[in-house]
file structure_22.pdb (PDB, C-alpha atoms)
ATOM      1  CA  MET S 220     -45.330 -16.824 -12.039
ATOM      2  CA  LEU S 221     -43.184 -14.276 -13.902
ATOM      3  CA  GLN S 222     -41.759 -11.524 -11.693
ATOM      4  CA  ALA S 223     -42.238  -7.886 -12.726
ATOM      5  CA  GLN S 224     -39.144  -6.451 -14.409
ATOM      6  CA  PHE S 225     -39.268  -3.206 -12.412
ATOM      7  CA  ILE S 226     -39.594  -2.639  -8.678
ATOM      8  CA  SER S 227     -40.101   0.430  -6.529
ATOM      9  CA  ILE S 228     -37.537   1.890  -4.151
ATOM     10  CA  GLY S 229     -39.589   0.532  -1.235
ATOM     11  CA  GLN S 230     -39.536  -2.973  -2.696
ATOM     12  CA  LEU S 231     -35.777  -2.720  -3.275
ATOM     13  CA  ALA S 232     -35.264  -1.534   0.299
ATOM     14  CA  LYS S 233     -37.394  -4.354   1.699
ATOM     15  CA  ARG S 234     -35.678  -7.048  -0.391
ATOM     16  CA  THR S 235     -32.107  -5.896   0.356
ATOM     17  CA  GLY S 236     -32.541  -4.687   3.939
ATOM     18  CA  VAL S 237     -31.077  -1.318   2.935
ATOM     19  CA  ALA S 238     -32.839   1.881   4.014
ATOM     20  CA  VAL S 239     -34.476   3.980   1.325
ATOM     21  CA  SER S 240     -32.183   6.862   2.292
ATOM     22  CA  ALA S 241     -29.142   4.642   1.684
ATOM     23  CA  LEU S 242     -30.501   3.653  -1.743
ATOM     24  CA  ARG S 243     -30.836   7.346  -2.609
ATOM     25  CA  PHE S 244     -27.259   7.854  -1.401
ATOM     26  CA  TYR S 245     -26.086   4.992  -3.621
ATOM     27  CA  GLU S 246     -27.866   6.690  -6.496
ATOM     28  CA  GLU S 247     -26.061   9.975  -5.736
ATOM     29  CA  LYS S 248     -22.752   8.096  -5.786
ATOM     30  CA  GLY S 249     -23.552   6.451  -9.117
ATOM     31  CA  LEU S 250     -23.905   2.929  -7.727
ATOM     32  CA  LEU S 251     -27.553   2.753  -8.808
ATOM     33  CA  ASN S 252     -29.215   4.286 -11.836
ATOM     34  CA  PRO S 253     -32.973   3.938 -11.519
ATOM     35  CA  LEU S 254     -35.308   4.728 -14.340
ATOM     36  CA  ARG S 255     -38.092   7.253 -13.789
ATOM     37  CA  SER S 256     -41.773   6.595 -14.276
ATOM     38  CA  GLY S 257     -44.123   9.091 -15.917
ATOM     39  CA  GLY S 258     -44.838  10.382 -12.400
ATOM     40  CA  ASN S 259     -41.068  10.772 -11.761
ATOM     41  CA  GLN S 260     -40.948   7.820  -9.359
ATOM     42  CA  ARG S 261     -37.809   5.711  -9.205
ATOM     43  CA  ARG S 262     -38.109   2.309 -10.864
ATOM     44  CA  TYR S 263     -35.374  -0.262 -10.443
ATOM     45  CA  LEU S 264     -34.598  -3.343 -12.468
ATOM     46  CA  ARG S 265     -34.978  -6.546 -10.457
ATOM     47  CA  SER S 266     -31.259  -7.066 -11.090
ATOM     48  CA  ASP S 267     -30.600  -4.010  -8.910
ATOM     49  CA  ILE S 268     -31.293  -6.323  -5.962
ATOM     50  CA  ARG S 269     -28.060  -8.101  -6.884
ATOM     51  CA  ARG S 270     -26.257  -4.794  -7.447
ATOM     52  CA  VAL S 271     -27.190  -3.588  -3.934
ATOM     53  CA  SER S 272     -26.320  -6.986  -2.482
ATOM     54  CA  PHE S 273     -22.917  -6.715  -4.171
ATOM     55  CA  VAL S 274     -22.413  -3.285  -2.589
ATOM     56  CA  LEU S 275     -23.223  -4.704   0.852
ATOM     57  CA  ILE S 276     -20.779  -7.583   0.427
ATOM     58  CA  ALA S 277     -18.051  -5.328  -0.980
ATOM     59  CA  GLN S 278     -18.453  -2.957   1.965
ATOM     60  CA  LYS S 279     -18.142  -5.894   4.388
ATOM     61  CA  LEU S 280     -14.922  -6.810   2.577
ATOM     62  CA  GLY S 281     -13.641  -3.326   3.325
ATOM     63  CA  LEU S 282     -13.921  -1.807  -0.141
ATOM     64  CA  GLY S 283     -14.640   1.904  -0.308
ATOM     65  CA  LEU S 284     -17.480   3.342  -2.353
ATOM     66  CA  ALA S 285     -15.055   4.564  -5.029
ATOM     67  CA  GLU S 286     -13.709   1.024  -5.501
ATOM     68  CA  ILE S 287     -17.216  -0.410  -5.566
ATOM     69  CA  GLU S 288     -18.291   2.187  -8.111
ATOM     70  CA  GLU S 289     -15.284   1.289 -10.258
ATOM     71  CA  HIS S 290     -16.277  -2.374 -10.274
ATOM     72  CA  LEU S 291     -19.939  -1.646 -10.971
ATOM     73  CA  ALA S 292     -19.109   0.770 -13.793
ATOM     74  CA  GLY S 293     -18.527  -2.247 -16.040
ATOM     75  CA  LEU S 294     -22.111  -3.414 -15.705
ATOM     76  CA  PRO S 295     -24.593  -2.482 -18.416
ATOM     77  CA  GLU S 296     -27.224   0.140 -17.753
ATOM     78  CA  GLY S 297     -30.835  -0.385 -18.670
ATOM     79  CA  ARG S 298     -30.624  -4.178 -18.885
ATOM     80  CA  ASN S 299     -30.040  -7.051 -16.538
ATOM     81  CA  PRO S 300     -26.357  -7.963 -16.283
ATOM     82  CA  THR S 301     -25.517 -11.383 -17.634
ATOM     83  CA  LEU S 302     -23.563 -14.066 -15.829
ATOM     84  CA  GLU S 303     -20.542 -13.068 -17.923
ATOM     85  CA  ASP S 304     -20.906  -9.438 -16.789
ATOM     86  CA  TRP S 305     -20.728 -10.579 -13.164
ATOM     87  CA  ARG S 306     -17.836 -12.944 -13.913
ATOM     88  CA  LYS S 307     -15.762 -10.016 -15.166
ATOM     89  CA  ILE S 308     -16.269  -8.245 -11.850
ATOM     90  CA  SER S 309     -15.511 -11.445  -9.968
ATOM     91  CA  ARG S 310     -12.234 -11.961 -11.820
ATOM     92  CA  ALA S 311     -11.251  -8.341 -11.236
ATOM     93  CA  MET S 312     -11.911  -8.678  -7.501
ATOM     94  CA  ARG S 313     -10.511 -12.152  -6.970
ATOM     95  CA  GLU S 314      -6.930 -11.033  -6.272
ATOM     96  CA  GLN S 315      -8.160  -8.388  -3.836
ATOM     97  CA  ILE S 316     -10.380 -10.901  -2.031
ATOM     98  CA  ASP S 317      -7.614 -13.524  -1.900
ATOM     99  CA  ALA S 318      -5.254 -10.956  -0.332
ATOM    100  CA  LYS S 319      -7.870 -10.132   2.314
ATOM    101  CA  VAL S 320      -8.447 -13.835   3.037
ATOM    102  CA  THR S 321      -4.696 -14.326   3.456
ATOM    103  CA  LEU S 322      -4.495 -11.366   5.833
ATOM    104  CA  LEU S 323      -7.491 -12.598   7.833
ATOM    105  CA  ASN S 324      -6.009 -16.091   8.132
ATOM    106  CA  ARG S 325      -2.614 -14.721   9.131
ATOM    107  CA  THR S 326      -4.233 -12.426  11.694
ATOM    108  CA  ARG S 327      -6.358 -15.244  13.132
ATOM    109  CA  ASN S 328      -3.313 -17.484  13.433
ATOM    110  CA  GLN S 329      -0.946 -14.843  14.788
ATOM    111  CA  LEU S 330      -3.047 -12.524  16.960
ATOM    112  CA  ASP S 331      -2.654 -14.516  20.175
ATOM    113  CA  GLN S 332       1.108 -14.740  19.647
ATOM    114  CA  CYS S 333       3.815 -12.231  18.887
ATOM    115  CA  ILE S 334       2.540 -10.041  16.048
ATOM    116  CA  GLY S 335       5.888  -8.378  15.507
ATOM    117  CA  CYS S 336       4.850  -4.951  16.771
ATOM    118  CA  GLY S 337       8.018  -4.471  18.799
ATOM    119  CA  CYS S 338       6.449  -4.422  22.263
ATOM    120  CA  LEU S 339       8.394  -7.564  23.274
ATOM    121  CA  SER S 340       6.056  -7.878  26.268
ATOM    122  CA  LEU S 341       4.934 -11.455  25.671
ATOM    123  CA  THR S 342       7.179 -14.389  26.474
ATOM    124  CA  LYS S 343       6.604 -15.657  22.925
ATOM    125  CA  CYS S 344       7.956 -12.384  21.521
ATOM    126  CA  GLN S 345      11.397 -13.359  22.743
ATOM    127  CA  LEU S 346      11.131 -16.484  20.581
ATOM    128  CA  TYR S 347       9.407 -15.121  17.479
ATOM    129  CA  ASN S 348      10.884 -11.629  17.453
ATOM    130  CA  LYS S 349      14.129 -11.930  19.362
ATOM    131  CA  ASP S 350      15.768  -8.520  19.737
ATOM    132  CA  ASP S 351      12.901  -7.026  17.679
ATOM    133  CA  LYS S 352      14.357  -8.300  14.399
ATOM    134  CA  LEU S 353      10.958  -7.732  12.740
ATOM    135  CA  GLY S 354      11.314  -4.022  13.546
ATOM    136  CA  LEU S 355      14.025  -3.880  10.884
ATOM    137  CA  LYS S 356      11.307  -4.550   8.286
ATOM    138  CA  GLY S 357       9.408  -1.417   9.276
ATOM    139  CA  PRO S 358       6.855  -0.159  11.786
ATOM    140  CA  GLY S 359       3.689  -1.902  12.885
ATOM    141  CA  PRO S 360       2.733  -5.561  13.300
ATOM    142  CA  ARG S 361       5.201  -7.048  10.816
ATOM    143  CA  ALA S 362       4.370 -10.709  11.535
ATOM    144  CA  VAL S 363       0.817 -10.029  10.394
ATOM    145  CA  LEU S 364       1.254  -7.383   7.701
ATOM    146  CA  ASP S 365       4.268  -8.828   5.852
TER     147      ASP S 365
END
call {"tool": "encode", "arguments": {"input": "structure_22.pdb", "output": "C-alpha cells"}}
result
Amino acid sequence: MLQAQFISIGQLAKRTGVAVSALRFYEEKGLLNPLRSGGNQRRYLRSDIRRVSFVLIAQKLGLGLAEIEEHLAGLPEGRNPTLEDWRKISRAMREQIDAKVTLLNRTRNQLDQCIGCGCLSLTKCQLYNKDDKLGLKGPGPRAVLD
C-alpha cells in the first residue's frame, strides 16, 4: 500500500515522539518548513519524519540548534531528500562525530583514573600526573581533553 506523501503535525508528532509544540518550535527555528493546506493547516512531507529524527540524534550528540540548522540547510525544500542529499550531511558531520566518539572513549577509559585535573588526590595521580605535569598544558582535565 502506497503511503500518503503528506502528513499532519499530529501524525508527525506521533511518529517521531516529539511534542507538537516542539515541532512548531523547530518550524520557528527553520528546521522544518511545512506546506499549508487550503485551510492553513500544516502539512509535512513524509521525509520530515527523517528530518525530525535527524534533529533528535544531532541533539543527543550535543549539537546546538544553529549547527543542526546549518546541516539541514543543504536539504531540498518541497521534495524528499535523496540518499545523496543525506550523504552530504553525513560526510560533513563525520569528523565532528568521530571527535565526539574519541572523546567519549577517552573519557570512559580515563574517568576512573587520573584525569589530569591537578587535584593529585588519587594514588594513581602520582603515577600518571607526577608533580602535576599535565597542568603545564593548561587548565582542566588534560588527560581527557587533550
call {"tool": "closest_residue", "arguments": {"input": "structure_22.pdb", "among": "S:Gly258, S:Pro295, S:Gly229, S:Gly359", "to": "Arg243 in chain S", "atoms": "all atoms listed in the file"}}
result
S:Gly229
call {"tool": "atom_distance", "arguments": {"input": "structure_22.pdb", "atom1": "CA of Val237 in chain S", "atom2": "CA of Arg306 in chain S"}}
result
24.4 Å
call {"tool": "closest_residue", "arguments": {"input": "structure_22.pdb", "among": "S:Ala238, S:Cys333, S:Leu251, S:Leu323", "to": "Glu288 in chain S", "atoms": "all atoms listed in the file"}}
result
S:Leu251
call {"tool": "residues_around", "arguments": {"input": "structure_22.pdb", "residues": "Ile228 in chain S", "least_positions_apart": "3", "cutoff": "8 Å", "atoms": "only C-alpha atoms", "output": "PyMOL selection string"}}
result
chain S and resi 231-232+239+242+261-263
call {"tool": "closest_residue", "arguments": {"input": "structure_22.pdb", "among": "S:Glu246, S:Val271, S:Gly281, S:Pro253", "to": "Arg234 in chain S", "atoms": "all atoms listed in the file"}}
result
S:Val271
call {"tool": "closest_residue", "arguments": {"input": "structure_22.pdb", "among": "S:Cys344, S:Leu355, S:Ala311, S:Ala277", "to": "Gln332 in chain S", "atoms": "all atoms listed in the file"}}
result
S:Cys344
call {"tool": "decode", "arguments": {"input": "structure_22.pdb", "residues": "range 267-299 of chain S", "atoms": "N, CA and C atoms", "output": "JSON list (two decimals), in the first residue's frame"}}
result
[["chain", "number", "residue", "atom", "x", "y", "z"],
["S", 267, "ASP", "N", 9.91, 14.40, 6.32],
["S", 267, "ASP", "CA", 10.15, 15.22, 7.51],
["S", 267, "ASP", "C", 10.27, 14.35, 8.76],
["S", 268, "ILE", "N", 9.77, 13.12, 8.70],
["S", 268, "ILE", "CA", 9.99, 12.18, 9.81],
["S", 268, "ILE", "C", 11.49, 11.98, 9.97],
["S", 269, "ARG", "N", 12.19, 11.79, 8.87],
["S", 269, "ARG", "CA", 13.65, 11.61, 8.94],
["S", 269, "ARG", "C", 14.34, 12.89, 9.39],
["S", 270, "ARG", "N", 13.85, 14.03, 8.91],
["S", 270, "ARG", "CA", 14.44, 15.32, 9.30],
["S", 270, "ARG", "C", 14.34, 15.49, 10.82],
["S", 271, "VAL", "N", 13.17, 15.24, 11.40],
["S", 271, "VAL", "CA", 12.99, 15.37, 12.85],
["S", 271, "VAL", "C", 13.84, 14.33, 13.58],
["S", 272, "SER", "N", 13.89, 13.13, 13.05],
["S", 272, "SER", "CA", 14.73, 12.09, 13.66],
["S", 272, "SER", "C", 16.19, 12.51, 13.66],
["S", 273, "PHE", "N", 16.63, 13.14, 12.57],
["S", 273, "PHE", "CA", 17.99, 13.66, 12.49],
["S", 273, "PHE", "C", 18.22, 14.71, 13.58],
["S", 274, "VAL", "N", 17.27, 15.59, 13.77],
["S", 274, "VAL", "CA", 17.38, 16.63, 14.80],
["S", 274, "VAL", "C", 17.55, 15.97, 16.17],
["S", 275, "LEU", "N", 16.74, 14.96, 16.45],
["S", 275, "LEU", "CA", 16.82, 14.28, 17.75],
["S", 275, "LEU", "C", 18.19, 13.64, 17.96],
["S", 276, "ILE", "N", 18.70, 12.98, 16.94],
["S", 276, "ILE", "CA", 20.02, 12.35, 17.03],
["S", 276, "ILE", "C", 21.10, 13.41, 17.20],
["S", 277, "ALA", "N", 21.04, 14.45, 16.40],
["S", 277, "ALA", "CA", 22.05, 15.52, 16.47],
["S", 277, "ALA", "C", 22.05, 16.18, 17.85],
["S", 278, "GLN", "N", 20.87, 16.37, 18.43],
["S", 278, "GLN", "CA", 20.80, 16.94, 19.77],
["S", 278, "GLN", "C", 21.45, 15.99, 20.79],
["S", 279, "LYS", "N", 21.20, 14.69, 20.65],
["S", 279, "LYS", "CA", 21.82, 13.71, 21.55],
["S", 279, "LYS", "C", 23.34, 13.73, 21.42],
["S", 280, "LEU", "N", 23.82, 14.06, 20.22],
["S", 280, "LEU", "CA", 25.26, 14.15, 20.00],
["S", 280, "LEU", "C", 25.84, 15.45, 20.56],
["S", 281, "GLY", "N", 24.96, 16.33, 21.02],
["S", 281, "GLY", "CA", 25.43, 17.58, 21.61],
["S", 281, "GLY", "C", 25.48, 18.75, 20.65],
["S", 282, "LEU", "N", 24.93, 18.61, 19.46],
["S", 282, "LEU", "CA", 24.92, 19.73, 18.53],
["S", 282, "LEU", "C", 23.84, 20.72, 18.94],
["S", 283, "GLY", "N", 24.14, 22.00, 18.78],
["S", 283, "GLY", "CA", 23.16, 23.04, 19.05],
["S", 283, "GLY", "C", 22.23, 23.21, 17.86],
["S", 284, "LEU", "N", 21.12, 23.91, 18.09],
["S", 284, "LEU", "CA", 20.15, 24.09, 17.02],
["S", 284, "LEU", "C", 20.74, 24.84, 15.83],
["S", 285, "ALA", "N", 21.64, 25.78, 16.08],
["S", 285, "ALA", "CA", 22.26, 26.52, 14.97],
["S", 285, "ALA", "C", 23.08, 25.58, 14.09],
["S", 286, "GLU", "N", 23.83, 24.66, 14.71],
["S", 286, "GLU", "CA", 24.61, 23.69, 13.94],
["S", 286, "GLU", "C", 23.70, 22.75, 13.16],
["S", 287, "ILE", "N", 22.63, 22.32, 13.81],
["S", 287, "ILE", "CA", 21.68, 21.42, 13.15],
["S", 287, "ILE", "C", 21.05, 22.13, 11.96],
["S", 288, "GLU", "N", 20.65, 23.37, 12.17],
["S", 288, "GLU", "CA", 20.05, 24.15, 11.09],
["S", 288, "GLU", "C", 21.02, 24.29, 9.92],
["S", 289, "GLU", "N", 22.28, 24.50, 10.24],
["S", 289, "GLU", "CA", 23.31, 24.63, 9.19],
["S", 289, "GLU", "C", 23.39, 23.35, 8.35],
["S", 290, "HIS", "N", 23.37, 22.21, 9.01],
["S", 290, "HIS", "CA", 23.43, 20.94, 8.29],
["S", 290, "HIS", "C", 22.17, 20.73, 7.45],
["S", 291, "LEU", "N", 21.02, 21.02, 8.02],
["S", 291, "LEU", "CA", 19.76, 20.79, 7.31],
["S", 291, "LEU", "C", 19.52, 21.79, 6.19],
["S", 292, "ALA", "N", 20.20, 22.92, 6.22],
["S", 292, "ALA", "CA", 20.01, 23.94, 5.18],
["S", 292, "ALA", "C", 20.36, 23.40, 3.79],
["S", 293, "GLY", "N", 21.19, 22.39, 3.73],
["S", 293, "GLY", "CA", 21.58, 21.80, 2.44],
["S", 293, "GLY", "C", 20.54, 20.88, 1.84],
["S", 294, "LEU", "N", 19.51, 20.55, 2.61],
["S", 294, "LEU", "CA", 18.48, 19.67, 2.08],
["S", 294, "LEU", "C", 17.49, 20.46, 1.23],
["S", 295, "PRO", "N", 16.95, 19.81, 0.22],
["S", 295, "PRO", "CA", 15.99, 20.50, -0.66],
["S", 295, "PRO", "C", 14.67, 20.75, 0.06],
["S", 296, "GLU", "N", 14.00, 21.80, -0.33],
["S", 296, "GLU", "CA", 12.68, 22.08, 0.21],
["S", 296, "GLU", "C", 11.64, 21.67, -0.82],
["S", 297, "GLY", "N", 10.53, 21.16, -0.34],
["S", 297, "GLY", "CA", 9.43, 20.83, -1.23],
["S", 297, "GLY", "C", 9.55, 19.48, -1.93],
["S", 298, "ARG", "N", 10.63, 18.74, -1.66],
["S", 298, "ARG", "CA", 10.75, 17.39, -2.21],
["S", 298, "ARG", "C", 11.49, 16.53, -1.20],
["S", 299, "ASN", "N", 11.31, 15.24, -1.34],
["S", 299, "ASN", "CA", 12.01, 14.32, -0.45],
["S", 299, "ASN", "C", 13.50, 14.35, -0.76]]
